[in-house]
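J.: This is input23.cif (mmCIF, C-alpha atoms).
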```
data_target
loop_
_atom_site.label_atom_id
_atom_site.label_comp_id
_atom_site.auth_asym_id
_atom_site.auth_seq_id
_atom_site.Cartn_x
_atom_site.Cartn_y
_atom_site.Cartn_z
CA MET O 233 100.45 122.23 109.04
CA ALA O 234 103.48 120.33 107.83
CA PHE O 235 102.72 116.68 107.10
CA ASP O 236 104.37 114.30 109.55
CA PRO O 237 104.20 110.71 108.26
CA SER O 238 104.78 109.40 111.79
CA SER O 239 101.44 110.90 112.80
CA LEU O 240 99.57 108.30 110.74
CA LYS O 241 97.88 105.46 112.59
CA TYR O 242 99.40 102.33 111.14
CA ASP O 243 97.82 99.02 112.11
CA ALA O 244 99.47 96.28 114.18
CA ASN O 245 101.41 95.20 111.08
CA GLY O 246 102.60 98.72 110.35
CA LEU O 247 100.23 99.09 107.40
CA LEU O 248 97.55 101.45 106.14
CA PRO O 249 94.92 100.64 103.52
CA ALA O 250 95.39 102.85 100.45
CA ILE O 251 92.59 103.39 97.93
CA ALA O 252 93.71 104.29 94.41
CA GLN O 253 91.21 106.44 92.52
CA ASP O 254 91.51 107.74 88.96
CA HIS O 255 92.08 111.46 89.43
CA ALA O 256 90.21 112.37 86.25
CA THR O 257 87.21 110.01 86.19
CA GLY O 258 86.75 109.24 89.89
CA GLU O 259 86.81 105.49 89.20
CA VAL O 260 88.04 103.47 92.19
CA LEU O 261 90.83 101.33 90.78
CA MET O 262 92.10 99.17 93.63
CA LEU O 263 92.88 98.92 97.31
CA ALA O 264 96.34 97.95 98.47
CA TRP O 265 98.53 98.53 101.53
CA MET O 266 101.31 100.90 102.44
CA ASN O 267 103.88 100.92 105.19
CA ALA O 268 105.98 103.92 106.14
CA GLN O 269 108.70 103.05 103.66
CA SER O 270 106.34 102.60 100.71
CA LEU O 271 104.67 105.90 101.51
CA ALA O 272 108.04 107.64 101.71
CA GLU O 273 109.10 106.19 98.35
CA THR O 274 105.78 107.19 96.80
CA LEU O 275 106.10 110.77 97.99
CA ALA O 276 109.76 110.99 96.98
CA SER O 277 109.32 109.55 93.49
CA GLY O 278 105.76 110.56 92.62
CA GLN O 279 105.16 106.95 91.49
CA VAL O 280 103.02 104.78 93.75
CA THR O 281 104.77 102.03 95.71
CA TYR O 282 102.75 99.69 97.93
CA TRP O 283 103.69 97.00 100.42
CA SER O 284 102.90 93.51 99.19
CA ARG O 285 101.51 91.51 102.09
CA SER O 286 101.84 88.23 100.18
CA ARG O 287 105.46 88.82 99.21
CA GLN O 288 106.34 90.89 102.30
CA ALA O 289 108.24 93.29 100.10
CA LEU O 290 107.94 96.74 98.59
CA TRP O 291 105.83 96.69 95.44
CA ALA O 292 106.59 99.46 92.98
CA LYS O 293 103.30 99.34 91.10
CA GLY O 294 103.88 98.69 87.41
CA ALA O 295 107.62 98.06 87.73
CA THR O 296 107.32 94.86 85.70
CA SER O 297 103.98 95.41 83.89
CA GLY O 298 104.46 99.05 83.01
CA HIS O 299 101.06 99.78 84.55
CA VAL O 300 102.38 102.52 86.79
CA GLN O 301 100.43 104.94 88.92
CA ARG O 302 101.60 108.54 89.03
CA LEU O 303 100.52 110.19 92.26
CA VAL O 304 98.47 113.31 91.60
CA GLU O 305 97.36 113.96 95.18
CA LEU O 306 97.45 112.14 98.51
CA ARG O 307 94.57 112.52 100.94
CA LEU O 308 94.17 111.33 104.54
CA ASP O 309 90.99 110.38 106.29
CA CYS O 310 89.71 111.84 109.55
CA ASP O 311 91.17 109.00 111.62
CA ARG O 312 94.54 109.14 109.84
CA ASP O 313 94.34 105.41 109.32
CA CYS O 314 93.50 105.28 105.61
CA LEU O 315 94.95 106.91 102.48
CA LEU O 316 93.24 108.00 99.28
CA LEU O 317 95.60 108.20 96.32
CA LEU O 318 94.43 110.23 93.36
CA VAL O 319 96.41 108.74 90.52
CA ASP O 320 97.09 108.91 86.84
CA GLN O 321 96.92 105.20 85.94
CA THR O 322 98.75 103.87 82.91
CA GLY O 323 96.75 100.98 81.42
CA PRO O 324 94.91 98.57 83.69
CA ALA O 325 95.23 98.76 87.47
CA CYS O 326 94.23 95.12 87.92
CA HIS O 327 96.47 92.10 87.38
CA THR O 328 93.58 90.63 85.32
CA LEU O 329 94.16 93.53 82.88
CA ARG O 330 90.89 95.19 83.76
CA ARG O 331 90.97 98.90 84.36
CA SER O 332 89.78 98.43 87.96
CA CYS O 333 89.99 95.51 90.38
CA PHE O 334 86.31 96.08 91.21
CA TYR O 335 84.91 94.48 88.07
CA THR O 336 82.42 92.17 89.79
CA ALA O 337 79.02 93.55 90.77
CA LEU O 338 76.20 91.88 92.69
CA ARG O 339 72.96 92.08 90.77
CA GLY O 340 69.87 90.13 91.75
CA GLY O 341 71.96 87.88 93.99
CA ASP O 342 74.34 87.00 91.16
CA GLU O 343 77.91 88.02 90.48
CA VAL O 344 78.16 89.87 87.19
CA GLU O 345 81.39 90.92 85.46
CA ILE O 346 80.87 94.52 84.43
CA MET O 347 84.27 95.18 82.89
CA ALA O 348 86.29 93.36 80.24
CA PRO O 349 90.07 93.11 80.22
CA LEU O 350 91.68 95.93 78.25
CA PRO O 351 92.89 94.91 74.78
CA MET Z 127 77.13 82.83 89.28
CA ALA Z 128 75.19 83.08 92.53
CA PHE Z 129 76.97 85.17 95.13
CA ASP Z 130 78.24 83.14 98.07
CA PRO Z 131 79.28 85.41 100.96
CA SER Z 132 81.40 82.60 102.42
CA SER Z 133 83.64 82.81 99.34
CA LEU Z 134 84.96 86.19 100.45
CA LYS Z 135 88.47 86.32 101.92
CA TYR Z 136 88.02 87.82 105.35
CA ASP Z 137 91.16 88.76 107.26
CA ALA Z 138 92.37 87.13 110.48
CA ASN Z 139 89.80 89.18 112.40
CA GLY Z 140 86.97 88.14 110.10
CA LEU Z 141 86.85 91.56 108.46
CA LEU Z 142 86.96 93.09 104.99
CA PRO Z 143 87.72 96.73 104.18
CA ALA Z 144 84.71 98.39 102.55
CA ILE Z 145 85.05 101.58 100.52
CA ALA Z 146 81.92 103.74 100.33
CA GLN Z 147 81.66 105.77 97.13
CA ASP Z 148 78.90 108.20 96.16
CA HIS Z 149 77.09 106.38 93.37
CA ALA Z 150 76.24 109.61 91.54
CA THR Z 151 79.37 111.75 91.87
CA GLY Z 152 82.08 109.10 92.32
CA GLU Z 153 83.35 110.83 95.47
CA VAL Z 154 85.05 108.41 97.87
CA LEU Z 155 83.28 109.00 101.17
CA MET Z 156 84.94 106.71 103.71
CA LEU Z 157 86.52 103.36 104.40
CA ALA Z 158 85.19 101.14 107.14
CA TRP Z 159 85.07 97.41 107.89
CA MET Z 160 82.53 94.66 107.46
CA ASN Z 161 82.24 91.18 108.90
CA ALA Z 162 79.93 88.50 107.55
CA GLN Z 163 77.04 89.62 109.75
CA SER Z 164 77.29 93.30 108.79
CA LEU Z 165 77.40 92.34 105.11
CA ALA Z 166 74.35 90.11 105.52
CA GLU Z 167 72.43 92.89 107.28
CA THR Z 168 73.45 95.37 104.58
CA LEU Z 169 72.26 93.10 101.78
CA ALA Z 170 69.03 92.23 103.59
CA SER Z 171 68.08 95.80 104.51
CA GLY Z 172 69.66 97.82 101.70
CA GLN Z 173 71.08 100.16 104.37
CA VAL Z 174 74.81 99.93 105.04
CA THR Z 175 75.89 98.36 108.33
CA TYR Z 176 79.59 98.15 109.19
CA TRP Z 177 81.53 96.48 112.00
CA SER Z 178 82.98 98.95 114.46
CA ARG Z 179 86.46 97.79 115.41
CA SER Z 180 86.66 100.25 118.31
CA ARG Z 181 83.30 99.24 119.78
CA GLN Z 182 83.47 95.63 118.58
CA ALA Z 183 79.83 95.86 117.57
CA LEU Z 184 77.64 96.18 114.52
CA TRP Z 185 77.43 99.77 113.35
CA ALA Z 186 74.28 100.62 111.43
CA LYS Z 187 75.61 103.70 109.67
CA GLY Z 188 73.46 106.74 110.48
CA ALA Z 189 71.30 104.96 113.07
CA THR Z 190 71.85 107.81 115.55
CA SER Z 191 72.94 110.66 113.22
CA GLY Z 192 70.45 110.03 110.44
CA HIS Z 193 73.37 110.06 107.98
CA VAL Z 194 72.43 106.75 106.45
CA GLN Z 195 73.88 105.08 103.40
CA ARG Z 196 71.51 103.33 101.04
CA LEU Z 197 73.29 100.62 99.12
CA VAL Z 198 72.96 101.11 95.38
CA GLU Z 199 75.41 98.42 94.29
CA LEU Z 200 77.99 96.16 95.89
CA ARG Z 201 81.18 95.32 94.03
CA LEU Z 202 83.98 92.86 94.85
CA ASP Z 203 87.61 93.13 93.93
CA CYS Z 204 89.64 90.54 92.05
CA ASP Z 205 91.04 89.04 95.26
CA ARG Z 206 87.62 88.95 96.95
CA ASP Z 207 89.17 90.65 99.97
CA CYS Z 208 87.78 94.17 99.57
CA LEU Z 209 84.32 95.61 98.95
CA LEU Z 210 83.26 98.71 97.04
CA LEU Z 211 79.89 100.06 98.14
CA LEU Z 212 78.16 102.44 95.74
CA VAL Z 213 75.87 104.37 98.05
CA ASP Z 214 73.29 107.09 98.22
CA GLN Z 215 74.60 109.07 101.21
CA THR Z 216 72.24 111.19 103.28
CA GLY Z 217 74.13 114.25 104.57
CA PRO Z 218 77.77 113.94 105.61
CA ALA Z 219 79.53 110.58 105.68
CA CYS Z 220 82.15 111.80 108.17
CA HIS Z 221 81.63 112.18 111.93
CA THR Z 222 83.18 115.67 111.53
CA LEU Z 223 80.14 116.52 109.38
CA ARG Z 224 82.16 116.75 106.21
CA ARG Z 225 80.75 115.06 103.16
CA SER Z 226 83.79 112.74 102.96
CA CYS Z 227 86.29 111.54 105.57
CA PHE Z 228 89.07 112.32 103.07
CA TYR Z 229 89.06 116.08 103.59
CA THR Z 230 92.79 116.47 104.17
CA ALA Z 231 95.10 116.78 101.17
CA LEU Z 232 98.88 116.95 101.05
CA ARG Z 233 100.03 119.96 99.07
CA GLY Z 234 103.60 121.14 99.00
CA GLY Z 235 104.38 119.05 102.08
CA ASP Z 236 101.55 120.62 104.06
CA GLU Z 237 98.21 119.25 105.17
CA VAL Z 238 95.39 121.30 103.71
CA GLU Z 239 91.71 120.96 104.58
CA ILE Z 240 89.87 120.93 101.28
CA MET Z 241 86.33 120.47 102.57
CA ALA Z 242 84.26 122.35 105.14
CA PRO Z 243 81.71 120.73 107.45
CA LEU Z 244 78.24 120.76 105.95
CA PRO Z 245 75.93 123.42 107.40
#
```
If you convert what's in this file into structure tokens, what do you get?
T.:
Amino acid sequence: MAFDPSSLKYDANGLLPAIAQDHATGEVLMLAWMNAQSLAETLASGQVTYWSRSRQALWAKGATSGHVQRLVELRLDCDRDCLLLLVDQTGPACHTLRRSCFYTALRGGDEVEIMAPLP
Amino acid sequence: MAFDPSSLKYDANGLLPAIAQDHATGEVLMLAWMNAQSLAETLASGQVTYWSRSRQALWAKGATSGHVQRLVELRLDCDRDCLLLLVDQTGPACHTLRRSCFYTALRGGDEVEIMAPLP
């Protein structure tokens, strides 16, 4: 079946949550948001572009940092309201320079940092 | 640092997106939503409880299907507005009886089902 981007179930703000996962290791790198335009740009260019809710603007991931995400495969969930992006991540995904944004784990009721910033 | 659930950045509806990932294989199983109460019940019981936006009620995952998720580890992202749940999933995570909700891939502009329902 041909993919029709208008068949996705965007939320009231026209957004979908998009999970970025390292295509090779399976590590979950980050969650960000996409609108129809960011998805179209991602599919056209093969480089991931999100929608920044704080800046209310397209966010070409890595455009300033160089920490780009090349899209390897896009997957949809059963409800068509969430995207899974299998990506080839250059450098850290997180603005803190950690590989993943999910570097804080709960252990014994405490928050523990389980990942150091990349050198 | 002791974990303080009130330090999380819930959205305007009091919700956080929560990604469930198979703790052993790294497979991303689903994305659902948590409010403060569902997170508290998850941490207290060790079994994942979400908030159902459609039913506007707590959703103890697997309570009727038996397809429960045992929480292995909870992780927070850098913005404290998204959760990553490393889980031990019994059976399929998806209501379609597929292991993961992300069973549709885009390939060559077409939607392709890459996962069959579990027997």
J.: Compile the contact shell of Z:Ala186 as number ranges by chain: residues with an atom at most 10 Å away, counting only C-alpha atoms, same-chain residues fewer than 3 positions apart removed.
T.: Z: 164, 167-168, 173-178, 183, 189-190, 194-195
J.: For chain Z, work out the contacting residues on chain O at 10 Å, counting all atoms listed in the file, and write them as a PyMOL selection string.
T.: chain O and resi 233-236+249-251+253+257-264+275+305-317+326-328+330+332-346
J.: Please return the centre and edge lengths, in Å to one decimal, of a box with edges along x, y and z that contains all listed atoms of stretch 183-201 of chain Z, widened by 8 Å on every side, as AutoDock Vina command-line options.
T.:
```
--center_x 75.8 --center_y 103.0 --center_z 105.8 --size_x 26.7 --size_y 31.3 --size_z 39.5
```
J.: Enter the distance from atom CA of O:Asn267 to atom CA of O:Val319, in Å, rounded to one decimal.
T.: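 So the two atoms, atom CA of O:Asn267 and atom CA of O:Val319, lie 18.2 Å apart.
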J.: Find, counting only C-alpha atoms, the residue in O:Leu318, O:Leu248, O:Pro237, O:Leu290 that gets nearest to O:Ala272.
T.: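 Residue with the minimum atom-to-atom distance to O:Ala272: O:Pro237.
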J.: Work out how far apart atom CA of O:Pro351 and atom CA of O:Gln321 are and give it in Å to one decimal.
T.: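 Computing it gives 15.7 Å between the two atoms.
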J.: Determine the nearest neighbour of Z:Leu197 from the options Z:Met160, Z:Ala146, Z:Leu244, Z:Ala219, counting all atoms listed in the file.
T.: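 Selected residue with least distance to Z:Leu197: Z:Ala146.
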J.: State, in Å with one decimal place, the distance from atom CA of Z:Pro243 to atom CA of Z:Arg225.
T.: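 Computing the Euclidean distance for atom CA of Z:Pro243 and atom CA of Z:Arg225 yields 7.2 Å.
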